[in-house]
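Engineer: This is the structure I have questions about; it appears just below.
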Amino acid sequence: MKTDFSIHFHLINSKTNSKGLAPIYLRLTVNNKRTEYSISRKIYPKFWSNKSQKIMGTNRDATEINNHIDNLKHKLNKIHQRLIDGDYW
């Protein structure tokens, strides 16, 4: 059975803290049901790329957070594939 599945990372600018850091959220959509989770990372909005859904730059913090985002995508895609292979839908 085919499922609609998407992963999207974005900032919630309305939750920017007093230091100017905005939290990064993961939006997971499965069969038109959407839920959002904080990935427990915050950044300055000027460094966020909406197009690539990652942090611009190559410093240590940017690399660590971008690797965390890549790992989350990989794990979620792996779980999705296992569910499809097991025909749990």
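Identifiers in this document derive from the order of the structure tokens: chains are assigned A, B, ..., residues are numbered from 1 separately in each chain, and ligands are numbered from 1 in order of occurrence.
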Please identify all polymer residues within 7 Å of segment 46-60 of chain A, counting only C-alpha atoms, omitting same-chain residues fewer than 4 positions from it, and present them as a list in words.
Structural biologist: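 Using only C-alpha atoms, the neighbours found are Phe9, His10, Glu64 and Asn66 of chain A.
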Engineer: Quick one: everything within 9 Å of Thr29 of chain A, counting only C-alpha atoms, minus sequence neighbours fewer than 3 positions away in the same chain. Send it as a PDB file with C-alpha atoms, in the first residue's frame.
Structural biologist:
ATOM      1  CA  ASP A   4       2.371   9.756   1.603  1.00  0.00           C
ATOM      2  CA  PHE A   5       5.419  10.464   3.723  1.00  0.00           C
ATOM      3  CA  SER A   6       7.451  13.645   4.084  1.00  0.00           C
ATOM      4  CA  ILE A   7      10.076  15.073   6.395  1.00  0.00           C
ATOM      5  CA  HIS A   8      10.624  18.809   6.694  1.00  0.00           C
ATOM      6  CA  ASN A  32      -1.874  13.896   5.435  1.00  0.00           C
ATOM      7  CA  LYS A  33      -1.504  13.700   9.230  1.00  0.00           C
ATOM      8  CA  ARG A  34       1.081  16.194  10.407  1.00  0.00           C
ATOM      9  CA  THR A  35       2.998  16.391  13.649  1.00  0.00           C
ATOM     10  CA  GLU A  36       5.916  18.535  14.747  1.00  0.00           C
TER      11      GLU A  36
END
Engineer: List as an NGL selection string the protein and nucleic acid residues near Thr3 of chain A, meaning an atom at most 10 Å away when only C-alpha atoms are counted, but skip any in the same chain fewer than 3 places from it.
Structural biologist: :A and (6 or 30-32 or 80 or 84 or 89)
Engineer: May I have the residues from that selection written out with C-alpha atoms, as a PDB file, in the first residue's frame?
Structural biologist:
ATOM      1  CA  SER A   6       7.451  13.645   4.084  1.00  0.00           C
ATOM      2  CA  VAL A  30       2.212  10.645   7.006  1.00  0.00           C
ATOM      3  CA  ASN A  31      -0.984  10.229   4.981  1.00  0.00           C
ATOM      4  CA  ASN A  32      -1.874  13.896   5.435  1.00  0.00           C
ATOM      5  CA  HIS A  80       9.314   4.175   6.980  1.00  0.00           C
ATOM      6  CA  ILE A  84       6.390  -0.546   4.062  1.00  0.00           C
ATOM      7  CA  TRP A  89       0.034   0.225   6.493  1.00  0.00           C
TER       8      TRP A  89
END
Engineer: Calculate how many Å separate atom CA of Gly86 of chain A from atom CA of His74 of chain A, rounding to one decimal.
Structural biologist: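 Interatomic distance here is 18.2 Å.
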Engineer: One decimal, in Å: what's the spacing between atom CA of Asn13 of chain A and atom CA of Pro45 of chain A?
Structural biologist: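 Separation between atom CA of Asn13 of chain A and atom CA of Pro45 of chain A: 7.5 Å.
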Engineer: DSSP says alpha helix (DSSP H) for which residues of chain A? Put them as number ranges by chain?
Structural biologist: A: 60-85
